[in-house]
$ cat start_0.csv   # CSV, C-alpha atoms (C1' of nucleotides)
chain,number,residue,atom,x,y,z
A,1,MET,CA,2.8,-2.3,18.5
A,2,LYS,CA,3.9,0.0,15.7
A,3,ILE,CA,6.2,-1.8,13.2
A,4,ALA,CA,7.9,0.1,10.4
A,5,THR,CA,10.0,-0.9,7.4
A,6,TRP,CA,12.4,1.5,5.7
A,7,ASN,CA,15.1,1.1,3.0
A,8,ILE,CA,17.4,3.9,4.2
A,9,ASN,CA,20.0,3.6,1.5
A,10,SER,CA,23.1,3.8,3.8
A,11,ILE,CA,22.7,4.1,7.5
A,12,ARG,CA,25.7,6.5,7.6
A,13,ALA,CA,24.4,8.9,5.0
A,14,ARG,CA,20.9,8.8,6.6
A,15,MET,CA,21.7,8.9,10.3
A,16,GLU,CA,20.2,12.3,11.0
A,17,HIS,CA,17.1,11.5,9.0
A,18,LEU,CA,16.7,8.3,10.9
A,19,LEU,CA,17.0,9.9,14.3
A,20,VAL,CA,14.6,12.7,13.5
A,21,TRP,CA,12.1,10.2,12.1
A,22,LEU,CA,12.4,7.9,15.2
A,23,ARG,CA,11.8,10.9,17.5
A,24,GLU,CA,8.8,12.1,15.5
A,25,THR,CA,7.0,8.8,14.8
A,26,ASN,CA,8.1,6.7,17.8
A,27,PRO,CA,7.9,3.2,16.2
A,28,ASP,CA,8.3,0.2,18.5
A,29,VAL,CA,10.1,-1.9,15.9
A,30,VAL,CA,12.0,-0.7,12.8
A,31,LEU,CA,13.1,-3.0,10.0
A,32,LEU,CA,15.9,-1.4,8.0
A,33,GLN,CA,17.3,-2.3,4.6
A,34,GLU,CA,20.4,-1.2,2.6
A,35,THR,CA,22.4,-0.2,5.7
A,36,LYS,CA,25.5,-0.6,3.5
A,37,VAL,CA,27.9,-1.1,6.5
A,38,THR,CA,29.7,-3.9,8.3
A,39,ASP,CA,28.4,-4.7,11.8
A,40,ASP,CA,31.5,-3.3,13.5
A,41,GLN,CA,31.0,0.0,11.7
A,42,PHE,CA,27.2,0.3,12.4
A,43,PRO,CA,26.6,3.6,14.4
A,44,THR,CA,24.6,2.0,17.2
A,45,GLU,CA,25.1,4.5,20.0
A,46,PRO,CA,22.8,7.4,18.9
A,47,ILE,CA,20.0,4.8,18.2
A,48,GLU,CA,20.5,3.1,21.6
A,49,ASP,CA,20.4,6.6,23.2
A,50,LEU,CA,16.8,6.8,21.9
A,51,GLY,CA,15.9,3.6,23.8
A,52,TYR,CA,16.3,1.0,21.0
A,53,ASN,CA,17.9,-2.4,21.0
A,54,LEU,CA,19.6,-3.5,17.8
A,55,ALA,CA,20.2,-6.6,15.8
A,56,VAL,CA,22.3,-6.0,12.7
A,57,HIS,CA,23.4,-8.1,9.7
A,58,GLY,CA,25.5,-6.1,7.3
A,59,GLN,CA,28.4,-6.2,4.9
A,60,LYS,CA,30.7,-3.8,3.2
A,61,SER,CA,29.2,-1.4,0.6
A,62,TYR,CA,26.1,-3.3,-0.4
A,63,ASN,CA,22.8,-4.6,1.1
A,64,GLY,CA,22.7,-4.9,4.9
A,65,VAL,CA,19.6,-5.3,7.1
A,66,ALA,CA,18.8,-4.4,10.7
A,67,ILE,CA,16.1,-4.6,13.4
A,68,LEU,CA,15.6,-1.8,16.0
A,69,SER,CA,13.3,-2.5,18.9
A,70,LYS,CA,12.3,-0.8,22.2
A,71,SER,CA,11.6,-4.3,23.6
A,72,PRO,CA,14.2,-7.0,23.9
A,73,ILE,CA,15.1,-8.8,20.6
A,74,GLU,CA,15.1,-12.6,20.9
A,75,ASP,CA,15.9,-15.6,18.7
A,76,ILE,CA,17.8,-13.7,16.1
A,77,THR,CA,18.4,-15.5,12.7
A,78,MET,CA,20.8,-14.0,10.2
A,79,GLY,CA,20.4,-15.0,6.5
A,80,LEU,CA,17.4,-16.5,4.7
A,81,PRO,CA,17.1,-20.1,5.8
A,82,GLY,CA,17.7,-22.4,2.9
A,83,ASN,CA,19.6,-19.9,0.9
A,84,GLY,CA,23.0,-21.4,1.8
A,85,ASP,CA,25.9,-19.5,3.2
A,86,ASP,CA,24.9,-16.5,1.2
A,87,SER,CA,27.5,-13.6,1.1
A,88,GLN,CA,24.7,-11.1,0.5
A,89,ALA,CA,23.2,-9.7,3.8
A,90,ARG,CA,19.5,-9.5,2.9
A,91,TYR,CA,17.6,-11.2,5.7
A,92,ILE,CA,17.4,-10.9,9.5
A,93,GLU,CA,14.6,-12.4,11.6
A,94,ALA,CA,13.8,-12.2,15.3
A,95,VAL,CA,11.1,-12.4,17.9
A,96,ILE,CA,9.9,-9.3,19.8
A,97,HIS,CA,7.0,-9.5,22.3
A,98,ASN,CA,5.9,-12.9,20.9
A,99,VAL,CA,5.7,-11.3,17.4
A,100,ARG,CA,8.2,-12.7,14.9
A,101,VAL,CA,9.5,-10.0,12.6
A,102,ALA,CA,11.9,-10.0,9.6
A,103,SER,CA,13.7,-7.3,7.7
A,104,ILE,CA,14.1,-8.4,4.1
A,105,TYR,CA,16.0,-6.9,1.2
A,106,VAL,CA,14.9,-8.8,-1.9
A,107,PRO,CA,17.5,-8.6,-4.7
A,108,ASN,CA,16.6,-5.9,-7.3
A,109,GLY,CA,17.3,-8.2,-10.2
A,110,GLN,CA,18.5,-5.4,-12.5
A,111,GLU,CA,17.1,-6.8,-15.8
A,112,VAL,CA,14.6,-9.5,-16.5
A,113,ARG,CA,16.3,-12.6,-17.8
A,114,SER,CA,19.7,-11.5,-16.4
A,115,GLU,CA,21.8,-13.6,-14.0
A,116,LYS,CA,20.8,-11.2,-11.2
A,117,PHE,CA,17.1,-11.7,-12.0
A,118,GLN,CA,17.6,-15.5,-11.7
A,119,TYR,CA,19.2,-14.8,-8.3
A,120,LYS,CA,16.1,-12.8,-7.3
A,121,LEU,CA,13.8,-15.6,-8.3
A,122,ASN,CA,15.9,-18.1,-6.3
A,123,PHE,CA,15.7,-15.8,-3.3
A,124,LEU,CA,11.9,-15.6,-3.6
A,125,ASP,CA,11.7,-19.4,-3.9
A,126,HIS,CA,13.6,-19.8,-0.6
A,127,LEU,CA,11.4,-17.1,0.9
A,128,TYR,CA,8.3,-19.1,-0.1
A,129,ASN,CA,9.6,-22.2,1.5
A,130,HIS,CA,10.6,-20.4,4.7
A,131,VAL,CA,7.2,-18.7,5.0
A,132,LYS,CA,5.5,-22.0,4.5
A,133,GLN,CA,7.5,-23.3,7.5
A,134,LEU,CA,6.7,-20.2,9.6
A,135,LEU,CA,3.0,-20.6,9.0
A,136,THR,CA,3.0,-24.0,10.6
A,137,TYR,CA,3.8,-22.4,13.9
A,138,GLU,CA,0.5,-20.5,13.8
A,139,GLU,CA,2.1,-17.3,15.3
A,140,ALA,CA,1.7,-13.6,14.7
A,141,PHE,CA,4.5,-12.5,12.3
A,142,VAL,CA,5.2,-9.4,10.2
A,143,LEU,CA,7.7,-9.7,7.3
A,144,GLY,CA,8.7,-6.2,6.3
A,145,GLY,CA,11.1,-5.0,3.7
A,146,ASP,CA,12.1,-3.8,0.3
A,147,TYR,CA,10.7,-6.6,-1.9
A,148,ASN,CA,11.6,-4.8,-5.1
A,149,ILE,CA,8.3,-6.0,-6.6
A,150,ALA,CA,5.1,-4.1,-7.3
A,151,PHE,CA,2.2,-6.5,-6.8
A,152,THR,CA,-0.1,-5.0,-9.4
A,153,ASP,CA,-0.3,-2.3,-12.0
A,154,GLN,CA,-2.1,-0.1,-9.4
A,155,ASP,CA,1.2,0.0,-7.6
A,156,VAL,CA,3.1,1.6,-10.5
A,157,TYR,CA,2.9,5.2,-11.9
A,158,ASP,CA,3.0,4.1,-15.5
A,159,PRO,CA,2.3,0.4,-15.9
A,160,GLU,CA,2.4,0.4,-19.7
A,161,HIS,CA,5.8,1.8,-19.7
A,162,ARG,CA,7.0,-0.8,-17.1
A,163,ARG,CA,5.3,-3.8,-18.8
A,164,GLU,CA,7.4,-6.9,-18.2
A,165,ARG,CA,10.3,-4.8,-16.9
A,166,ILE,CA,12.1,-5.2,-13.6
A,167,LEU,CA,9.9,-4.7,-10.4
A,168,CYS,CA,6.8,-5.4,-12.5
A,169,SER,CA,7.5,-8.6,-14.6
A,170,THR,CA,5.2,-11.6,-14.5
A,171,PRO,CA,7.8,-14.1,-13.2
A,172,GLU,CA,8.7,-12.0,-10.2
A,173,ARG,CA,5.1,-11.1,-9.4
A,174,GLU,CA,4.1,-14.7,-9.6
A,175,ALA,CA,6.9,-15.7,-7.3
A,176,LEU,CA,5.9,-13.2,-4.6
A,177,ARG,CA,2.2,-13.7,-5.0
A,178,LYS,CA,2.7,-17.4,-4.5
A,179,THR,CA,4.0,-16.6,-1.1
A,180,LEU,CA,1.3,-14.0,-0.4
A,181,TYR,CA,-1.4,-16.6,-1.3
A,182,LEU,CA,-0.1,-19.0,1.3
A,183,GLY,CA,-2.3,-16.8,3.5
A,184,LEU,CA,-0.4,-13.6,4.2
A,185,THR,CA,-2.0,-10.1,4.2
A,186,ASP,CA,-0.5,-7.1,2.4
A,187,GLY,CA,-0.8,-4.8,5.4
A,188,LEU,CA,-0.7,-1.5,3.6
A,189,ARG,CA,-3.2,-2.5,0.9
A,190,ALA,CA,-5.5,-4.0,3.5
A,191,MET,CA,-5.8,-0.6,5.1
A,192,HIS,CA,-6.0,1.3,1.8
A,193,PRO,CA,-8.3,-0.5,-0.7
A,194,LEU,CA,-7.7,0.2,-4.4
A,195,GLY,CA,-9.0,3.5,-5.8
A,196,THR,CA,-6.8,6.1,-3.9
A,197,PRO,CA,-7.1,9.6,-5.4
A,198,LYS,CA,-4.5,10.9,-7.8
A,199,GLY,CA,-1.5,12.2,-5.9
A,200,GLN,CA,-2.2,10.0,-2.9
A,201,GLU,CA,-1.1,6.7,-4.3
A,202,LEU,CA,0.7,4.4,-1.9
A,203,TYR,CA,4.0,4.6,-3.6
A,204,THR,CA,7.1,3.8,-1.4
A,205,TRP,CA,9.9,4.3,-3.8
A,206,TRP,CA,10.8,7.1,-6.2
A,207,ASP,CA,13.9,6.9,-8.4
A,208,TYR,CA,16.5,9.6,-7.8
A,209,ARG,CA,16.7,10.1,-11.5
A,210,ALA,CA,14.6,12.0,-14.0
A,211,GLY,CA,12.7,14.0,-11.4
A,212,SER,CA,10.7,11.0,-10.4
A,213,TRP,CA,9.8,12.4,-7.0
A,214,GLN,CA,8.8,15.8,-8.3
A,215,ASN,CA,6.6,14.1,-10.9
A,216,ASN,CA,5.3,11.5,-8.5
A,217,GLN,CA,6.6,8.7,-10.7
A,218,GLY,CA,6.6,6.1,-7.9
A,219,PHE,CA,6.3,2.4,-7.2
A,220,ARG,CA,4.9,0.5,-4.2
A,221,ILE,CA,7.6,-2.1,-3.6
A,222,ASP,CA,8.1,-1.9,0.2
A,223,HIS,CA,5.7,-4.2,1.9
A,224,LEU,CA,4.6,-5.5,5.3
A,225,LEU,CA,3.3,-9.0,5.0
A,226,LEU,CA,1.3,-10.3,7.9
A,227,SER,CA,0.5,-13.8,9.1
A,228,PRO,CA,-3.3,-14.5,9.8
A,229,GLN,CA,-2.6,-14.1,13.5
A,230,ALA,CA,-1.0,-10.7,12.9
A,231,ALA,CA,-3.6,-9.6,10.3
A,232,ASP,CA,-6.4,-10.3,12.8
A,233,ARG,CA,-4.9,-7.6,15.0
A,234,LEU,CA,-4.1,-5.0,12.2
A,235,GLN,CA,-5.2,-1.6,13.4
A,236,GLY,CA,-3.6,0.7,10.7
A,237,ALA,CA,-0.9,1.1,8.1
A,238,ASP,CA,0.5,4.0,6.1
A,239,VAL,CA,3.5,5.4,4.2
A,240,ASP,CA,5.5,8.3,5.8
A,241,ARG,CA,5.6,9.9,2.4
A,242,ASP,CA,6.9,13.3,3.5
A,243,VAL,CA,10.2,11.7,4.5
A,244,ARG,CA,11.0,11.3,0.8
A,245,GLY,CA,10.6,15.0,0.2
A,246,GLN,CA,13.4,16.0,2.6
A,247,GLU,CA,16.9,17.2,1.6
A,248,LYS,CA,19.2,14.3,1.0
A,249,ALA,CA,16.4,11.8,1.5
A,250,SER,CA,16.6,8.1,0.9
A,251,ASP,CA,14.8,7.1,-2.3
A,252,HIS,CA,12.4,5.0,-0.2
A,253,ALA,CA,9.8,6.3,2.3
A,254,PRO,CA,9.1,4.4,5.5
A,255,VAL,CA,6.0,2.1,5.7
A,256,TRP,CA,4.4,1.2,9.0
A,257,CYS,CA,1.6,-0.8,10.5
A,258,GLU,CA,0.0,-1.0,13.9
A,259,VAL,CA,-0.8,-4.5,15.3
B,260,DA,C1',16.9,2.9,-26.8
B,261,DT,C1',19.1,6.0,-23.7
B,262,DG,C1',20.1,8.4,-19.6
B,263,DG,C1',18.7,10.6,-15.9
B,264,DT,C1',20.9,10.5,-9.6
B,265,DA,C1',22.8,8.7,-5.4
B,266,DG,C1',26.0,6.0,-2.3
B,267,DG,C1',30.2,3.5,-1.5
B,268,DG,C1',34.6,3.3,-2.4
B,269,DA,C1',37.7,2.9,-5.9
B,270,DT,C1',38.5,5.1,-10.7
B,271,DC,C1',33.2,1.2,-11.4
B,272,DC,C1',29.3,-1.4,-9.2
B,273,DT,C1',24.6,-1.5,-7.6
B,274,DA,C1',20.2,0.4,-7.5
$ encode --input "start_0.csv" --output "structure tokens"
Amino acid sequence: MKIATWNINSIRARMEHLLVWLRETNPDVVLLQETKVTDDQFPTEPIEDLGYNLAVHGQKSYNGVAILSKSPIEDITMGLPGNGDDSQARYIEAVIHNVRVASIYVPNGQEVRSEKFQYKLNFLDHLYNHVKQLLTYEEAFVLGGDYNIAFTDQDVYDPEHRRERILCSTPEREALRKTLYLGLTDGLRAMHPLGTPKGQELYTWWDYRAGSWQNNQGFRIDHLLLSPQAADRLQGADVDRDVRGQEKASDHAPVWCEV
DNA sequence: ATGGTAGGGATCCTA
């Protein structure tokens, strides 16, 4: 089962990219973030024509998550449990073929110590509690998404420049590591131990600004986090880096794993 | 410290 996560930065702006990538890479499950569209406006038909079922949780202009799957999608949950009746569409969870999956769009946080940063930490706290609950089921699960956090300095092009700034600060890293250390596996890193050659770093996001892509100034902030039962079956994982180099690309590249 | 780009949709917000 090939499970991919991709922040597409608007489903409507990226529809052709998505369809080409689906045809070329043929994932079984796709976890999308930043669809930026209400559910009634979601362009479902061209995706269904490729044989995918859909579960969408969107809103106008911002955020929005979705699950695409060739197999039936069961037990759909919208919204991060415990996060109240949140107006921000950042979490959708479902069960596919006895594997629980989630598409997660962790708040960016904008600036450390800002109000938005506090919202990010609160979200991560709720995610921690929810993962703790999920682990009690002792099932295979894969939580994919744009976590907006680079776990370590090896996941950042210029860690000194980014020291204690957003995506890299200690409070957000600690908040996400706390969840990881409950017993999850960072799927991509598990398949690519530290020490990748220059130019082949596992970055997943390159800012549109300042020629970040051209200069390979990237970050690894999109992750696939696996439960022990899923990690035991992990066969491979990688970044579809070439996607980022296309015309009118999303600023994120897809990340996938095979379980 | 600033500003660089993109998307949505409204003349600015979010990333």
$ residues_near_point --input "start_0.csv" --point "(19.5, 5.5, -20.9)" --cutoff "12 Å" --atoms "all atoms listed in the file" --output "number ranges by chain"
A: 209-210; B: 260-263
$ atom_distance --input "start_0.csv" --atom1 "CA of Asp242 (chain A)" --atom2 "CA of Ile67 (chain A)"
22.4 Å
$ closest_atom_pairs --input "start_0.csv" --of "chain B" --to "chain A" --cutoff "7 Å" --atoms "all atoms listed in the file" --output "CSV"
residue,atom,partner,partner_atom,distance
B:DG263,C1',A:Ala210,CA,4.7
B:DT264,C1',A:Arg209,CA,4.6
B:DA265,C1',A:Tyr208,CA,6.8
B:DG267,C1',A:Ser61,CA,5.4
$ atom_distance --input "start_0.csv" --atom1 "CA of Phe151 (chain A)" --atom2 "CA of Ala253 (chain A)"
17.4 Å
$ atom_distance --input "start_0.csv" --atom1 "CA of Leu226 (chain A)" --atom2 "CA of Gln59 (chain A)"
27.6 Å
$ residues_near_point --input "start_0.csv" --point "(15.9, -5.1, 24.9)" --cutoff "10 Å" --atoms "all atoms listed in the file" --output "ChimeraX atom specification"
/A:48,51-54,68-74,96
$ closest_residue --input "start_0.csv" --among "A:Asn216, A:Gln235, A:Gln41, A:Thr5" --to "Asp158 (chain A)" --atoms "only C-alpha atoms"
A:Asn216
$ residues_around --input "start_0.csv" --residues "Leu143 (chain A)" --least-positions-apart "5" --cutoff "8 Å" --atoms "only C-alpha atoms (C1' of nucleotides)" --output "count of residues only"
8
$ closest_residue --input "start_0.csv" --among "A:Ser87, A:Thr44, A:Thr204, A:Thr152" --to "Trp256 (chain A)" --atoms "only C-alpha atoms"
A:Thr204
$ closest_residue --input "start_0.csv" --among "A:Thr179, A:Glu34, A:Val259, A:Asp39" --to "DT273 (chain B)" --atoms "all atoms listed in the file"
A:Glu34
$ closest_residue --input "start_0.csv" --among "A:Lys178, A:Arg244, A:Arg23, A:Arg233" --to "Asn129 (chain A)" --atoms "only C-alpha atoms"
A:Lys178
